Amino acid sequence: MSTHALRRATTSMPIPPLAGGTTGPAALRPLIDTVLTALHDGARRRDGPLPAGGPDTVTPQLRTALRPVIPDQGTGAHHALTTLIGALTEGAADPADPLCAAHLHTPPLALAAAADLAASALNPSMDSWDQAPAASALEADLTTALAAEVYPHRTAPDALVTTGGTEANQLALLLARERHGPVQTVSGANAHHSITRAAWLLGLPAPLTIPAPTGVMDLTALDDTLTRLHERPGGTPVLVTATAGTTDTGQIDPLAEIAALCATHGAELHIDAAYGGPLLFSPTHRNKVHGLDRAHSVTLDLHKLGWQPASAGILAVPHHHHLDALHHHAPYLNADDDTEAGLPDLLGRSLRTTRRPDALKIAVTLQALGRTGLADLIDRTCAAAHQLADLVIKTPAIDLYDHPTISTVLFRPTDATDHTIATIRRTLLTRGHAVLGRTRANGRLWLKATLLNPHTTPHDLRELLDLVTHLATEISENTEISDTAETTEGSTPR
């Protein structure tokens, strides 16, 4: 570009302000106000847990707001924020609505979202100290504290911040492989799909699957499998992966008993506690994860039962040396003389290079709420799940799968077919009335409510069940009318 053209370009358009520095907050303040207004107006237009109409309605609406994706002339900051954030909010599945209860999809706390704004504005990159001086110290202290919650009796536990349970599980298998070579993974039929995927990605043998006929790993079958593996000539390094909070039912494997079997057979143990791990903070519920501290590694995920914006995963280990295998050297980020001079080496804290300071929002939440505040949120959420189960029991037209272990409740209209169950769920989605999950247990399809909203009331739960029962009746009546019409048509001569 010529000097004249460059001068014309730099004088014809203002340079957009930056988020950081001393001028950043003043630039952000009116933009944040625009964002908050767009969030409010979009939610009001949606008026429910998700938009009505299904993909055929939602997608065109979003694309209308988005087009053109890259205009020749920009529309300006406030117009772009109003248009796109408003459209995204109007078309969102909102986990803050009590009837949005399908998945481990938490409604984030406002204070955690506010902390995340600061992380975005400051934009520390957690791959070298000179990009994140204070953030690296904050992350180190936070991970040490969280590791101590998992391993309270160990002298030097440590933890890594991950993108979630999937990355944490993959890191656990990777560390086991680096300790022992190609380990044989053994997991329950109830295990998260990320275990099998991690074994594939790491070139490990496919996991051996232990039956879970009651929803948790069968101890006798595990004992038999470990015995066979132990008796193989030459021995086979084994990593058992247990689950503390399954995605389907929320059940927790018998952790202490599994740890004892692993010790007997010389196997290592990883526990995927992405869902159930935060129960450690609740005096009422921490006994459900007894035995967690006997694992060689533990996955936690605070963007589930921790009310954090994604991502907020954790992998905890009983000693910081267990993470040594992750060390990586890149001279422009962790030169040897810099490390020797005392600059912290961050590359061994993740498989990623550039990564956000997700520790900030977690630390803000823990500081703001303390143990008692977080325990209260957990206890309220678990109590709501038991209230829902009690309501199901009192509703003659609905069957309960089992009382919840954490906050997942399975139920289904009595005598409904699996086709009807699937139709109920999709109809609730299409009408924008509720977001429920689905899972198969005991050979049947069940509706799944995963409650993570501590503001949920008994009225909300009653409304959810009423929607299901009314829709089951509607589908049944329509089916009877359709069957009658087909019978009449079939008996009429042509």
# chains A, B, ... in the order shown; residues from 1 in each chain; ligands from 1
>>> select_by_dssp(residues="range 21-220 of chain A", states="alpha helix (DSSP H)", output="MDAnalysis selection string")
chainID A and resid 24:46 55:66 77:90 110:122 133:150 165:180 193:201 219:220
>>> closest_residue(among="A:Ala359, A:Leu351, A:Ala316, A:Ala368", to="Pro152 in chain A", atoms="only C-alpha atoms")
A:Ala316
>>> residues_around(residues="Leu300 in chain A", least_positions_apart="4", cutoff="8 Å", atoms="only C-alpha atoms", output="JSON list (two decimals) with N, CA, C and O atoms, in the first residue's frame")
[["chain", "number", "residue", "atom", "x", "y", "z"],
["A", 164, "GLY", "N", -12.63, -29.36, 29.87],
["A", 164, "GLY", "CA", -13.78, -30.09, 30.38],
["A", 164, "GLY", "C", -13.41, -31.53, 30.66],
["A", 164, "GLY", "O", -12.23, -31.92, 30.64],
["A", 165, "GLY", "N", -14.43, -32.35, 30.89],
["A", 165, "GLY", "CA", -14.20, -33.74, 31.24],
["A", 165, "GLY", "C", -13.53, -34.54, 30.14],
["A", 165, "GLY", "O", -12.71, -35.42, 30.41],
["A", 168, "ALA", "N", -9.80, -33.77, 30.20],
["A", 168, "ALA", "CA", -9.23, -34.29, 31.43],
["A", 168, "ALA", "C", -9.09, -35.81, 31.37],
["A", 168, "ALA", "O", -8.06, -36.37, 31.78],
["A", 272, "ASP", "N", -13.58, -40.63, 36.70],
["A", 272, "ASP", "CA", -14.23, -39.54, 35.98],
["A", 272, "ASP", "C", -15.34, -39.00, 36.87],
["A", 272, "ASP", "O", -16.45, -39.53, 36.90],
["A", 273, "ALA", "N", -15.01, -37.94, 37.60],
["A", 273, "ALA", "CA", -15.98, -37.31, 38.51],
["A", 273, "ALA", "C", -16.37, -35.94, 37.97],
["A", 273, "ALA", "O", -16.58, -34.99, 38.73],
["A", 274, "ALA", "N", -16.48, -35.85, 36.64],
["A", 274, "ALA", "CA", -16.83, -34.58, 36.01],
["A", 274, "ALA", "C", -18.15, -34.04, 36.56],
["A", 274, "ALA", "O", -18.30, -32.83, 36.78],
["A", 275, "TYR", "N", -19.09, -34.92, 36.80],
["A", 275, "TYR", "CA", -20.41, -34.53, 37.31],
["A", 275, "TYR", "C", -20.42, -34.53, 38.83],
["A", 275, "TYR", "O", -20.76, -33.53, 39.47],
["A", 276, "GLY", "N", -20.00, -35.62, 39.44],
["A", 276, "GLY", "CA", -20.18, -35.78, 40.88],
["A", 276, "GLY", "C", -19.07, -35.22, 41.74],
["A", 276, "GLY", "O", -19.26, -35.07, 42.96],
["A", 277, "GLY", "N", -17.93, -34.88, 41.16],
["A", 277, "GLY", "CA", -16.80, -34.43, 41.97],
["A", 277, "GLY", "C", -17.08, -33.26, 42.89],
["A", 277, "GLY", "O", -16.66, -33.27, 44.06],
["A", 278, "PRO", "N", -17.81, -32.23, 42.43],
["A", 278, "PRO", "CA", -18.08, -31.09, 43.33],
["A", 278, "PRO", "C", -18.90, -31.43, 44.57],
["A", 278, "PRO", "O", -19.01, -30.60, 45.47],
["A", 313, "GLY", "N", -12.85, -27.28, 33.27],
["A", 313, "GLY", "CA", -12.51, -28.64, 33.66],
["A", 313, "GLY", "C", -11.23, -28.69, 34.48],
["A", 313, "GLY", "O", -10.41, -27.78, 34.47],
["A", 314, "ILE", "N", -11.07, -29.80, 35.22],
["A", 314, "ILE", "CA", -9.91, -29.99, 36.10],
["A", 314, "ILE", "C", -9.48, -31.46, 36.02],
["A", 314, "ILE", "O", -10.32, -32.35, 36.02],
["A", 315, "LEU", "N", -8.17, -31.69, 35.96],
["A", 315, "LEU", "CA", -7.62, -33.02, 36.19],
["A", 315, "LEU", "C", -6.71, -32.94, 37.41],
["A", 315, "LEU", "O", -5.73, -32.19, 37.41],
["A", 316, "ALA", "N", -7.04, -33.69, 38.45],
["A", 316, "ALA", "CA", -6.27, -33.68, 39.69],
["A", 316, "ALA", "C", -5.45, -34.96, 39.80],
["A", 316, "ALA", "O", -5.90, -36.04, 39.40]]
>>> atom_distance(atom1="CA of Ala132 in chain A", atom2="CA of Phe281 in chain A")
29.0 Å
>>> select_by_dssp(residues="range 247-443 of chain A", states="strand (DSSP E or B)", output="ChimeraX atom specification")
/A:252,268-272,297-301,313-317,319,398-400,408-413,435,437-441
>>> residues_around(residues="His322 in chain A", least_positions_apart="4", cutoff="12 Å", atoms="only C-alpha atoms", output="list of chain:residue names")
A:Ala156, A:Pro157, A:Asp158, A:Ala159, A:Leu160, A:Leu171, A:Ala172, A:Leu174, A:Leu175, A:Ala176, A:Arg177, A:Glu178, A:Arg179, A:His296, A:Ser297, A:Leu315, A:Ala316, A:Val317, A:Pro318, A:Leu326, A:His327, A:Gly348, A:Arg349
>>> write_last_selection(atoms="N, CA, C and O atoms", output="PDB file, in the first residue's frame")
ATOM      1  N   ALA A 156       1.706 -33.241  48.228  1.00  0.00           N
ATOM      2  CA  ALA A 156       1.938 -32.290  47.134  1.00  0.00           C
ATOM      3  C   ALA A 156       1.030 -32.582  45.943  1.00  0.00           C
ATOM      4  O   ALA A 156       1.498 -32.804  44.823  1.00  0.00           O
ATOM      5  N   PRO A 157      -0.294 -32.581  46.153  1.00  0.00           N
ATOM      6  CA  PRO A 157      -1.190 -32.833  45.014  1.00  0.00           C
ATOM      7  C   PRO A 157      -1.185 -31.647  44.059  1.00  0.00           C
ATOM      8  O   PRO A 157      -0.785 -30.542  44.424  1.00  0.00           O
ATOM      9  N   ASP A 158      -1.632 -31.895  42.847  1.00  0.00           N
ATOM     10  CA  ASP A 158      -1.657 -30.830  41.854  1.00  0.00           C
ATOM     11  C   ASP A 158      -2.820 -31.087  40.906  1.00  0.00           C
ATOM     12  O   ASP A 158      -3.450 -32.154  40.919  1.00  0.00           O
ATOM     13  N   ALA A 159      -3.111 -30.101  40.075  1.00  0.00           N
ATOM     14  CA  ALA A 159      -4.211 -30.226  39.119  1.00  0.00           C
ATOM     15  C   ALA A 159      -3.933 -29.346  37.920  1.00  0.00           C
ATOM     16  O   ALA A 159      -3.163 -28.378  37.997  1.00  0.00           O
ATOM     17  N   LEU A 160      -4.563 -29.675  36.817  1.00  0.00           N
ATOM     18  CA  LEU A 160      -4.489 -28.904  35.588  1.00  0.00           C
ATOM     19  C   LEU A 160      -5.873 -28.373  35.248  1.00  0.00           C
ATOM     20  O   LEU A 160      -6.886 -29.031  35.527  1.00  0.00           O
ATOM     21  N   LEU A 171      -6.184 -36.683  29.131  1.00  0.00           N
ATOM     22  CA  LEU A 171      -4.916 -36.464  29.815  1.00  0.00           C
ATOM     23  C   LEU A 171      -4.622 -37.591  30.807  1.00  0.00           C
ATOM     24  O   LEU A 171      -3.464 -38.013  30.954  1.00  0.00           O
ATOM     25  N   ALA A 172      -5.643 -38.081  31.493  1.00  0.00           N
ATOM     26  CA  ALA A 172      -5.448 -39.170  32.451  1.00  0.00           C
ATOM     27  C   ALA A 172      -4.922 -40.415  31.754  1.00  0.00           C
ATOM     28  O   ALA A 172      -3.988 -41.072  32.237  1.00  0.00           O
ATOM     29  N   LEU A 174      -3.363 -40.464  28.875  1.00  0.00           N
ATOM     30  CA  LEU A 174      -2.038 -40.135  28.360  1.00  0.00           C
ATOM     31  C   LEU A 174      -0.974 -40.298  29.446  1.00  0.00           C
ATOM     32  O   LEU A 174       0.096 -40.886  29.214  1.00  0.00           O
ATOM     33  N   LEU A 175      -1.249 -39.790  30.641  1.00  0.00           N
ATOM     34  CA  LEU A 175      -0.288 -39.905  31.724  1.00  0.00           C
ATOM     35  C   LEU A 175      -0.056 -41.368  32.112  1.00  0.00           C
ATOM     36  O   LEU A 175       1.083 -41.765  32.402  1.00  0.00           O
ATOM     37  N   ALA A 176      -1.120 -42.174  32.099  1.00  0.00           N
ATOM     38  CA  ALA A 176      -0.961 -43.599  32.392  1.00  0.00           C
ATOM     39  C   ALA A 176      -0.107 -44.269  31.318  1.00  0.00           C
ATOM     40  O   ALA A 176       0.745 -45.118  31.626  1.00  0.00           O
ATOM     41  N   ARG A 177      -0.320 -43.905  30.074  1.00  0.00           N
ATOM     42  CA  ARG A 177       0.489 -44.469  28.980  1.00  0.00           C
ATOM     43  C   ARG A 177       1.957 -44.087  29.131  1.00  0.00           C
ATOM     44  O   ARG A 177       2.857 -44.902  28.899  1.00  0.00           O
ATOM     45  N   GLU A 178       2.214 -42.847  29.520  1.00  0.00           N
ATOM     46  CA  GLU A 178       3.600 -42.408  29.677  1.00  0.00           C
ATOM     47  C   GLU A 178       4.276 -43.081  30.865  1.00  0.00           C
ATOM     48  O   GLU A 178       5.497 -43.248  30.877  1.00  0.00           O
ATOM     49  N   ARG A 179       3.508 -43.482  31.862  1.00  0.00           N
ATOM     50  CA  ARG A 179       4.090 -44.189  33.001  1.00  0.00           C
ATOM     51  C   ARG A 179       4.387 -45.640  32.684  1.00  0.00           C
ATOM     52  O   ARG A 179       5.382 -46.195  33.135  1.00  0.00           O
ATOM     53  N   HIS A 296      -5.522 -42.604  41.003  1.00  0.00           N
ATOM     54  CA  HIS A 296      -4.268 -42.043  40.498  1.00  0.00           C
ATOM     55  C   HIS A 296      -4.514 -40.730  39.755  1.00  0.00           C
ATOM     56  O   HIS A 296      -3.578 -39.960  39.534  1.00  0.00           O
ATOM     57  N   SER A 297      -5.747 -40.501  39.350  1.00  0.00           N
ATOM     58  CA  SER A 297      -6.127 -39.226  38.729  1.00  0.00           C
ATOM     59  C   SER A 297      -7.637 -39.092  38.826  1.00  0.00           C
ATOM     60  O   SER A 297      -8.363 -40.096  38.859  1.00  0.00           O
ATOM     61  N   LEU A 315      -8.167 -31.686  35.962  1.00  0.00           N
ATOM     62  CA  LEU A 315      -7.620 -33.021  36.192  1.00  0.00           C
ATOM     63  C   LEU A 315      -6.714 -32.940  37.406  1.00  0.00           C
ATOM     64  O   LEU A 315      -5.731 -32.192  37.408  1.00  0.00           O
ATOM     65  N   ALA A 316      -7.039 -33.689  38.454  1.00  0.00           N
ATOM     66  CA  ALA A 316      -6.266 -33.678  39.695  1.00  0.00           C
ATOM     67  C   ALA A 316      -5.447 -34.955  39.803  1.00  0.00           C
ATOM     68  O   ALA A 316      -5.896 -36.039  39.401  1.00  0.00           O
ATOM     69  N   VAL A 317      -4.239 -34.810  40.362  1.00  0.00           N
ATOM     70  CA  VAL A 317      -3.350 -35.957  40.590  1.00  0.00           C
ATOM     71  C   VAL A 317      -2.800 -35.862  42.012  1.00  0.00           C
ATOM     72  O   VAL A 317      -2.705 -34.765  42.586  1.00  0.00           O
ATOM     73  N   PRO A 318      -2.390 -36.991  42.601  1.00  0.00           N
ATOM     74  CA  PRO A 318      -1.979 -36.972  44.013  1.00  0.00           C
ATOM     75  C   PRO A 318      -0.611 -36.347  44.273  1.00  0.00           C
ATOM     76  O   PRO A 318      -0.305 -35.989  45.406  1.00  0.00           O
ATOM     77  N   LEU A 326       4.215 -34.256  30.905  1.00  0.00           N
ATOM     78  CA  LEU A 326       3.644 -33.237  30.013  1.00  0.00           C
ATOM     79  C   LEU A 326       4.627 -32.118  29.687  1.00  0.00           C
ATOM     80  O   LEU A 326       4.312 -31.244  28.873  1.00  0.00           O
ATOM     81  N   HIS A 327       5.797 -32.148  30.301  1.00  0.00           N
ATOM     82  CA  HIS A 327       6.767 -31.069  30.036  1.00  0.00           C
ATOM     83  C   HIS A 327       7.079 -30.973  28.546  1.00  0.00           C
ATOM     84  O   HIS A 327       7.250 -31.982  27.853  1.00  0.00           O
ATOM     85  N   GLY A 348       4.082 -27.115  30.456  1.00  0.00           N
ATOM     86  CA  GLY A 348       3.728 -28.428  30.987  1.00  0.00           C
ATOM     87  C   GLY A 348       2.409 -28.456  31.716  1.00  0.00           C
ATOM     88  O   GLY A 348       2.035 -29.490  32.284  1.00  0.00           O
ATOM     89  N   ARG A 349       1.661 -27.348  31.668  1.00  0.00           N
ATOM     90  CA  ARG A 349       0.379 -27.271  32.355  1.00  0.00           C
ATOM     91  C   ARG A 349      -0.789 -27.606  31.445  1.00  0.00           C
ATOM     92  O   ARG A 349      -1.946 -27.544  31.875  1.00  0.00           O
TER      93      ARG A 349
END
>>> residues_around(residues="range 180-192 of chain A", least_positions_apart="2", cutoff="10 Å", atoms="only C-alpha atoms", output="ChimeraX atom specification")
/A:165-166,169,173-178,194-197,199,202-218,221-222,225-226,229,236-253,267-270,272,274
